[in-house]
$ cat work-v6.csv   # CSV, C-alpha atoms and all ligand atoms
chain,number,residue,atom,x,y,z
A,20,MET,CA,121.1,-40.7,77.3
A,21,SER,CA,119.3,-42.2,74.3
A,22,PHE,CA,119.8,-45.6,72.7
A,23,SER,CA,121.6,-44.0,69.7
A,24,ARG,CA,123.8,-41.8,71.8
A,25,ASP,CA,124.8,-44.7,74.0
A,26,LEU,CA,125.9,-46.7,71.0
A,27,ARG,CA,127.7,-43.8,69.5
A,28,ALA,CA,129.6,-43.3,72.8
A,29,ALA,CA,130.3,-47.1,73.1
A,30,THR,CA,131.8,-47.2,69.6
A,31,SER,CA,133.7,-43.9,69.8
A,32,THR,CA,137.2,-45.3,69.3
A,33,THR,CA,136.3,-47.0,66.0
A,34,TRP,CA,133.8,-44.2,65.0
A,35,ASP,CA,136.4,-41.5,65.5
A,36,ALA,CA,139.0,-43.6,63.6
A,37,ALA,CA,136.6,-43.7,60.7
A,38,THR,CA,135.5,-40.0,60.7
A,39,GLY,CA,139.2,-39.0,61.2
A,40,HIS,CA,140.5,-41.5,58.6
A,41,ARG,CA,143.3,-40.6,56.2
A,42,PHE,CA,140.8,-40.9,53.3
A,43,VAL,CA,138.6,-38.2,54.9
A,44,ALA,CA,141.5,-35.9,55.5
A,45,GLU,CA,142.8,-36.3,52.0
A,46,LEU,CA,139.3,-35.8,50.5
A,47,TRP,CA,139.0,-32.5,52.4
A,48,THR,CA,142.3,-31.2,51.2
A,49,GLY,CA,141.6,-32.5,47.7
A,50,THR,CA,144.8,-34.6,47.8
A,51,VAL,CA,143.3,-38.1,47.7
A,52,GLU,CA,145.0,-40.0,44.9
A,53,ASP,CA,142.8,-40.9,41.9
A,54,ALA,CA,143.6,-44.6,42.3
A,55,VAL,CA,142.5,-44.5,45.9
A,56,LEU,CA,139.2,-42.7,45.1
A,57,ALA,CA,138.6,-45.0,42.2
A,58,ARG,CA,138.9,-48.1,44.4
A,59,TYR,CA,136.7,-46.5,47.1
A,60,LEU,CA,134.0,-45.4,44.7
A,61,ALA,CA,133.9,-48.7,42.7
A,62,GLN,CA,133.3,-50.5,46.0
A,63,ASP,CA,130.8,-47.9,47.1
A,64,ALA,CA,128.8,-48.4,44.0
A,65,LEU,CA,128.3,-52.0,45.1
A,66,PHE,CA,127.4,-50.8,48.6
A,67,LEU,CA,124.8,-48.3,47.3
A,68,ASP,CA,122.9,-50.8,45.3
A,69,ARG,CA,122.1,-52.9,48.4
A,70,PHE,CA,121.6,-49.7,50.4
A,71,VAL,CA,118.7,-48.7,48.1
A,72,ALA,CA,117.2,-52.2,48.6
A,73,LEU,CA,117.5,-51.8,52.4
A,74,LEU,CA,115.8,-48.4,52.2
A,75,GLY,CA,113.0,-50.2,50.4
A,76,ALA,CA,112.8,-52.7,53.2
A,77,ALA,CA,112.5,-49.8,55.7
A,78,VAL,CA,109.8,-48.2,53.6
A,79,ALA,CA,107.9,-51.5,53.6
A,80,THR,CA,108.3,-52.3,57.4
A,81,ALA,CA,107.9,-48.8,58.9
A,82,ASP,CA,105.1,-48.6,61.5
A,83,ASP,CA,104.7,-44.9,61.2
A,84,THR,CA,103.3,-43.1,58.1
A,85,GLN,CA,105.4,-39.9,58.4
A,86,ALA,CA,108.6,-42.0,58.8
A,87,ARG,CA,107.6,-44.2,55.8
A,88,LEU,CA,107.2,-41.1,53.6
A,89,ALA,CA,110.5,-39.5,54.8
A,90,ILE,CA,112.4,-42.7,54.0
A,91,ALA,CA,110.7,-43.0,50.6
A,92,ARG,CA,111.7,-39.4,49.8
A,93,GLN,CA,115.3,-40.2,50.7
A,94,LEU,CA,115.2,-43.4,48.6
A,95,GLY,CA,114.3,-41.2,45.6
A,96,LEU,CA,117.2,-38.8,46.4
A,97,VAL,CA,119.8,-41.6,46.6
A,98,ALA,CA,118.5,-43.1,43.4
A,99,SER,CA,118.9,-39.7,41.6
A,100,ASP,CA,121.5,-37.2,42.9
A,101,GLU,CA,123.9,-39.8,44.2
A,102,ASP,CA,123.7,-42.0,41.2
A,103,ASP,CA,124.5,-39.0,39.0
A,104,TYR,CA,127.7,-38.3,40.9
A,105,PHE,CA,128.7,-41.9,40.6
A,106,ALA,CA,128.2,-42.0,36.9
A,107,ARG,CA,130.3,-38.8,36.4
A,108,ALA,CA,133.0,-39.7,38.9
A,109,LEU,CA,133.5,-43.3,37.7
A,110,ALA,CA,133.7,-42.1,34.1
A,111,ARG,CA,136.3,-39.5,34.9
A,112,LEU,CA,138.4,-42.0,36.9
A,113,GLY,CA,138.1,-44.6,34.2
A,114,VAL,CA,136.5,-47.2,36.4
A,115,THR,CA,134.6,-49.8,34.4
A,116,PRO,CA,132.2,-52.0,36.4
A,117,PRO,CA,131.8,-54.8,37.3
A,118,VAL,CA,134.2,-55.0,40.2
A,119,GLU,CA,134.5,-57.7,42.8
A,120,PRO,CA,133.6,-56.8,46.4
A,121,LEU,CA,136.5,-56.5,48.8
A,122,PRO,CA,136.0,-58.1,52.2
A,123,PRO,CA,134.6,-55.0,54.0
A,124,THR,CA,132.2,-54.4,51.1
A,125,GLN,CA,131.1,-58.1,51.3
A,126,GLY,CA,130.6,-57.7,55.0
A,127,PHE,CA,128.3,-54.7,54.4
A,128,LEU,CA,126.4,-56.5,51.7
A,129,ASP,CA,125.8,-59.4,54.0
A,130,LEU,CA,124.8,-57.2,56.9
A,131,MET,CA,122.3,-55.3,54.7
A,132,ASP,CA,120.9,-58.5,53.2
A,133,ASP,CA,120.4,-59.9,56.7
A,134,ALA,CA,118.8,-56.7,57.9
A,135,ARG,CA,116.5,-56.6,54.9
A,136,ARG,CA,115.5,-60.2,55.2
A,137,SER,CA,114.9,-60.0,59.0
A,138,GLY,CA,111.8,-57.9,58.2
A,139,ALA,CA,112.6,-56.0,61.5
A,140,TYR,CA,112.2,-52.3,61.0
A,141,GLY,CA,114.5,-51.6,63.9
A,142,VAL,CA,117.4,-53.6,62.5
A,143,ALA,CA,117.1,-52.0,59.0
A,144,LEU,CA,117.0,-48.5,60.7
A,145,THR,CA,120.1,-49.3,62.7
A,146,VAL,CA,122.2,-50.1,59.6
A,147,LEU,CA,120.8,-47.0,57.8
A,148,LEU,CA,121.5,-44.9,60.9
A,149,VAL,CA,125.2,-45.8,61.1
A,150,ALA,CA,125.8,-45.4,57.4
A,151,GLU,CA,124.2,-41.9,57.3
A,152,TRP,CA,125.2,-40.5,60.7
A,153,LEU,CA,128.9,-41.5,60.4
A,154,TYR,CA,129.0,-39.8,56.9
A,155,LEU,CA,127.3,-36.7,58.2
A,156,ASP,CA,129.8,-36.6,61.0
A,157,TRP,CA,132.9,-36.6,58.7
A,158,ALA,CA,131.3,-34.3,56.1
A,159,THR,CA,130.3,-31.6,58.6
A,160,ARG,CA,133.4,-29.4,59.2
A,161,PRO,CA,134.0,-25.7,59.1
A,162,ASP,CA,137.0,-26.3,56.7
A,163,THR,CA,137.0,-24.8,53.2
A,164,ALA,CA,135.7,-27.3,50.6
A,165,PRO,CA,138.2,-28.6,48.0
A,166,PRO,CA,138.0,-26.9,44.6
A,167,ASP,CA,137.7,-30.0,42.4
A,168,TRP,CA,134.0,-31.2,42.0
A,169,LEU,CA,135.2,-34.8,42.2
A,170,HIS,CA,136.1,-34.2,45.9
A,171,ARG,CA,133.7,-31.4,46.8
A,172,GLU,CA,130.5,-33.1,45.6
A,173,TRP,CA,131.2,-36.3,47.6
A,174,ILE,CA,131.4,-34.0,50.7
A,175,ASP,CA,128.3,-32.0,49.7
A,176,LEU,CA,126.2,-35.1,49.3
A,177,HIS,CA,126.7,-35.9,53.0
A,178,ARG,CA,126.1,-32.5,54.6
A,179,GLY,CA,123.7,-29.6,54.7
A,180,PRO,CA,120.2,-29.0,56.3
A,181,GLY,CA,118.4,-31.7,54.3
A,182,PHE,CA,120.9,-34.4,55.1
A,183,THR,CA,121.1,-33.3,58.7
A,184,ALA,CA,117.3,-33.6,59.0
A,185,TRP,CA,117.4,-37.1,57.5
A,186,VAL,CA,119.9,-38.2,60.0
A,187,ASP,CA,117.8,-36.6,62.8
A,188,LEU,CA,114.8,-38.6,61.6
A,189,LEU,CA,116.8,-41.9,61.6
A,190,ARG,CA,118.0,-41.2,65.1
A,191,ALA,CA,114.5,-40.4,66.4
A,192,GLU,CA,113.0,-43.4,64.7
A,193,THR,CA,115.8,-45.7,65.9
A,194,ASP,CA,115.4,-44.4,69.5
A,195,ARG,CA,111.6,-44.7,69.3
A,196,VAL,CA,111.7,-48.3,68.0
A,197,ALA,CA,114.4,-49.4,70.4
A,198,ALA,CA,112.3,-48.2,73.3
A,199,GLY,CA,109.3,-50.3,72.2
A,200,VAL,CA,111.0,-53.7,71.6
A,201,ASP,CA,112.2,-56.3,74.1
A,202,ASP,CA,115.7,-56.6,75.5
A,203,LEU,CA,116.7,-59.3,73.0
A,204,ALA,CA,115.6,-57.2,70.0
A,205,ARG,CA,117.4,-54.2,71.4
A,206,GLU,CA,120.6,-56.2,71.9
A,207,ARG,CA,120.3,-57.3,68.3
A,208,MET,CA,120.1,-53.7,67.2
A,209,GLY,CA,123.2,-52.9,69.3
A,210,GLU,CA,125.1,-55.7,67.7
A,211,VAL,CA,124.2,-54.5,64.2
A,212,PHE,CA,125.3,-50.9,65.2
A,213,ARG,CA,128.7,-52.1,66.4
A,214,ARG,CA,129.2,-54.3,63.3
A,215,ALA,CA,128.3,-51.5,60.9
A,216,VAL,CA,130.8,-49.1,62.6
A,217,ASP,CA,133.5,-51.7,62.3
A,218,LEU,CA,132.7,-52.1,58.7
A,219,GLU,CA,132.8,-48.4,58.0
A,220,LEU,CA,136.4,-48.1,59.3
A,221,ALA,CA,137.4,-51.2,57.3
A,222,PHE,CA,135.8,-49.8,54.2
A,223,PHE,CA,138.0,-46.7,54.3
A,224,ASP,CA,141.1,-48.8,55.0
A,225,ALA,CA,140.3,-51.0,52.0
A,226,ALA,CA,140.6,-47.9,49.7
A,227,TYR,CA,144.4,-48.0,50.5
A,228,GLY,CA,144.7,-51.7,50.1
A,229,ASP,CA,144.9,-52.2,53.9
A,230,ARG,CA,142.2,-54.9,54.1
B,301,LIG,C1,130.4,-47.4,53.0
B,301,LIG,C2,129.5,-46.3,53.0
B,301,LIG,N1,128.9,-46.0,54.1
B,301,LIG,C3,128.0,-45.0,54.2
B,301,LIG,C4,127.8,-44.3,53.1
B,301,LIG,C5,126.8,-43.1,53.1
B,301,LIG,N2,125.7,-43.2,52.3
B,301,LIG,C6,125.3,-44.2,51.6
B,301,LIG,S1,123.9,-43.8,50.8
B,301,LIG,C7,123.8,-42.3,51.4
B,301,LIG,C8,122.7,-41.4,51.1
B,301,LIG,C9,123.2,-40.2,50.6
B,301,LIG,O1,122.2,-39.5,49.9
B,301,LIG,C10,124.9,-42.1,52.3
B,301,LIG,C11,125.1,-40.9,53.0
B,301,LIG,C12,128.4,-44.6,51.9
B,301,LIG,N3,128.2,-43.9,50.7
B,301,LIG,N4,129.3,-45.6,51.9

$ encode --input "work-v6.csv" --output "structure tokens" --more "lines below"
Ligand SMILES: Cc1ncc(C[n+]2csc(CCO)c2C)c(N)n1
Amino acid sequence: MSFSRDLRAATSTTWDAATGHRFVAELWTGTVEDAVLARYLAQDALFLDRFVALLGAAVATADDTQARLAIARQLGLVASDEDDYFARALARLGVTPPVEPLPPTQGFLDLMDDARRSGAYGVALTVLLVAEWLYLDWATRPDTAPPDWLHREWIDLHRGPGFTAWVDLLRAETDRVAAGVDDLARERMGEVFRRAVDLELAFFDAAYGDR
């Protein structure tokens, strides 16, 4: 068992509730209401801004050149492809920023700010790992993709060989770093992992006004 696998197993109830969330089911069938998707994406735009800042912190603190380059390449992708989807999706749904962060979004912003300011590569990696791995998990299904680009592209951004390789790198890096730090630092990484999984579930709930 690896560090990441242990944490994934320890959080399986909440993890599976998130990857099997009503939002995910409705996205796959293309039946998610526009109002729900609009609320979700407006919040996710706030999330993404801080996520890019956290990627920058990981670039700055990585202790391995190949990992630093891989994270930098992903930062470039998030800042281009993903931002393009947001612009088109928010325009079509008629969402006009700025929006106020709902509690789960604020929780994520705080977690990402703390991780960034900690200057600890392992802590930054752990937040990135949960956010990316949990999304790869729900977006990787044998099901037929929904016909509307609004739904299909949000799935496609989170699956495929490139995204899978990125999550593999985050897992390998998180496991490598966790093996090299002391028990206290490892426990801190575990806390951050559990908090991030809780927030992912709450984030989906909030799209339905449940938080
Ligand atoms: C709440 C929330 N958690 C995770 C992600 C996933 N995510 C954020 S940035 C990124 C990179 C994609 O190229 C991915 C997968 C999200 N969007 N929203």

$ closest_residue --input "work-v6.csv" --among "A:Ala225, A:Ala191, A:Ala106, A:Leu88" --to "ligand LIG 301 (chain B)" --atoms "only C-alpha atoms and all ligand atoms"
A:Ala225

$ closest_residue --input "work-v6.csv" --among "A:Thr159, A:Thr145, A:Gln93, A:Gln125" --to "Phe22 of chain A" --atoms "all atoms listed in the file"
A:Thr145

$ residues_around --input "work-v6.csv" --residues "segment 28-44 of chain A" --least-positions-apart "2" --cutoff "7 Å" --atoms "only C-alpha atoms" --output "PyMOL selection string"
chain A and resi 24-26+46-48+51+153+156-157+213+216-217+219-220+223

$ residues_near_ligand --input "work-v6.csv" --ligand "ligand LIG 301 (chain B)" --cutoff "10 Å" --atoms "all atoms listed in the file" --output "VMD selection string"
chain A and resid 59 to 60 62 to 71 74 93 to 102 123 to 124 127 146 to 155 158 173 to 178 181 to 182 185 to 186 215 to 216 218 to 223

$ atom_distance --input "work-v6.csv" --atom1 "atom CA of Leu169 of chain A" --atom2 "atom CA of Leu121 of chain A"
22.7 Å

$ atom_distance --input "work-v6.csv" --atom1 "atom CA of Val78 of chain A" --atom2 "atom CA of Ala134 of chain A"
13.1 Å

$ closest_residue --input "work-v6.csv" --among "A:Leu144, A:Tyr104, A:Thr50, A:Gly113" --to "Arg87 of chain A" --atoms "all atoms listed in the file"
A:Leu144

$ closest_residue --input "work-v6.csv" --among "A:Asp224, A:Leu203, A:Thr80, A:Ala61" --to "Arg135 of chain A" --atoms "all atoms listed in the file"
A:Thr80

$ decode --input "work-v6.csv" --residues "segment 105-140 of chain A" --atoms "N, CA and C atoms" --output "tab-separated table (two decimals), in the first residue's frame"
chain	number	residue	atom	x	y	z
A	105	PHE	N	-14.51	27.68	-19.79
A	105	PHE	CA	-15.22	28.54	-18.84
A	105	PHE	C	-15.84	29.75	-19.51
A	106	ALA	N	-15.06	30.39	-20.35
A	106	ALA	CA	-15.55	31.60	-21.02
A	106	ALA	C	-16.80	31.27	-21.85
A	107	ARG	N	-16.74	30.17	-22.63
A	107	ARG	CA	-17.87	29.82	-23.50
A	107	ARG	C	-19.07	29.34	-22.67
A	108	ALA	N	-18.79	28.52	-21.65
A	108	ALA	CA	-19.88	27.95	-20.85
A	108	ALA	C	-20.59	29.04	-20.04
A	109	LEU	N	-19.83	29.91	-19.40
A	109	LEU	CA	-20.44	30.95	-18.57
A	109	LEU	C	-21.22	31.94	-19.44
A	110	ALA	N	-20.71	32.21	-20.65
A	110	ALA	CA	-21.43	33.12	-21.56
A	110	ALA	C	-22.75	32.48	-21.97
A	111	ARG	N	-22.73	31.20	-22.34
A	111	ARG	CA	-23.96	30.54	-22.77
A	111	ARG	C	-24.98	30.46	-21.63
A	112	LEU	N	-24.50	30.26	-20.42
A	112	LEU	CA	-25.41	30.13	-19.28
A	112	LEU	C	-25.82	31.48	-18.71
A	113	GLY	N	-25.24	32.54	-19.24
A	113	GLY	CA	-25.61	33.87	-18.80
A	113	GLY	C	-25.10	34.24	-17.42
A	114	VAL	N	-23.99	33.61	-17.01
A	114	VAL	CA	-23.41	33.94	-15.71
A	114	VAL	C	-22.49	35.14	-15.88
A	115	THR	N	-22.72	36.15	-15.08
A	115	THR	CA	-21.85	37.32	-15.13
A	115	THR	C	-21.13	37.49	-13.81
A	116	PRO	N	-19.83	37.14	-13.79
A	116	PRO	CA	-19.04	37.35	-12.57
A	116	PRO	C	-19.03	38.85	-12.24
A	117	PRO	N	-18.76	39.24	-11.01
A	117	PRO	CA	-18.28	38.41	-9.91
A	117	PRO	C	-19.41	37.73	-9.13
A	118	VAL	N	-19.10	36.58	-8.58
A	118	VAL	CA	-20.03	35.90	-7.67
A	118	VAL	C	-19.32	35.74	-6.32
A	119	GLU	N	-20.13	35.60	-5.28
A	119	GLU	CA	-19.58	35.41	-3.93
A	119	GLU	C	-19.30	33.93	-3.72
A	120	PRO	N	-18.19	33.59	-3.06
A	120	PRO	CA	-17.94	32.17	-2.80
A	120	PRO	C	-18.93	31.59	-1.79
A	121	LEU	N	-19.50	30.42	-2.12
A	121	LEU	CA	-20.32	29.67	-1.16
A	121	LEU	C	-19.37	29.01	-0.16
A	122	PRO	N	-19.89	28.53	0.99
A	122	PRO	CA	-18.98	27.99	2.03
A	122	PRO	C	-17.98	26.93	1.55
A	123	PRO	N	-18.38	25.93	0.73
A	123	PRO	CA	-17.36	24.95	0.31
A	123	PRO	C	-16.27	25.57	-0.56
A	124	THR	N	-16.67	26.55	-1.38
A	124	THR	CA	-15.68	27.24	-2.21
A	124	THR	C	-14.71	28.00	-1.31
A	125	GLN	N	-15.27	28.71	-0.32
A	125	GLN	CA	-14.42	29.46	0.61
A	125	GLN	C	-13.48	28.51	1.36
A	126	GLY	N	-14.00	27.35	1.73
A	126	GLY	CA	-13.15	26.34	2.39
A	126	GLY	C	-11.99	25.94	1.50
A	127	PHE	N	-12.26	25.73	0.23
A	127	PHE	CA	-11.20	25.37	-0.71
A	127	PHE	C	-10.21	26.51	-0.88
A	128	LEU	N	-10.73	27.74	-1.01
A	128	LEU	CA	-9.83	28.88	-1.19
A	128	LEU	C	-8.89	28.99	0.01
A	129	ASP	N	-9.44	28.79	1.21
A	129	ASP	CA	-8.60	28.85	2.42
A	129	ASP	C	-7.57	27.72	2.43
A	130	LEU	N	-8.03	26.52	2.08
A	130	LEU	CA	-7.12	25.36	2.06
A	130	LEU	C	-5.98	25.60	1.06
A	131	MET	N	-6.33	26.13	-0.11
A	131	MET	CA	-5.31	26.37	-1.14
A	131	MET	C	-4.38	27.50	-0.74
A	132	ASP	N	-4.94	28.54	-0.10
A	132	ASP	CA	-4.08	29.63	0.38
A	132	ASP	C	-3.10	29.12	1.44
A	133	ASP	N	-3.63	28.32	2.39
A	133	ASP	CA	-2.76	27.76	3.44
A	133	ASP	C	-1.65	26.90	2.83
A	134	ALA	N	-2.05	26.06	1.87
A	134	ALA	CA	-1.08	25.16	1.25
A	134	ALA	C	-0.01	25.96	0.51
A	135	ARG	N	-0.44	27.01	-0.18
A	135	ARG	CA	0.51	27.83	-0.94
A	135	ARG	C	1.48	28.53	0.01
A	136	ARG	N	0.91	29.11	1.08
A	136	ARG	CA	1.76	29.88	2.00
A	136	ARG	C	2.65	28.99	2.85
A	137	SER	N	2.27	27.72	3.03
A	137	SER	CA	3.08	26.82	3.86
A	137	SER	C	4.47	26.65	3.26
A	138	GLY	N	4.56	26.83	1.94
A	138	GLY	CA	5.85	26.62	1.28
A	138	GLY	C	6.27	25.16	1.27
A	139	ALA	N	5.35	24.28	1.70
A	139	ALA	CA	5.67	22.84	1.76
A	139	ALA	C	5.18	22.18	0.47
A	140	TYR	N	6.11	21.70	-0.32
A	140	TYR	CA	5.77	21.05	-1.59
A	140	TYR	C	4.79	19.91	-1.37
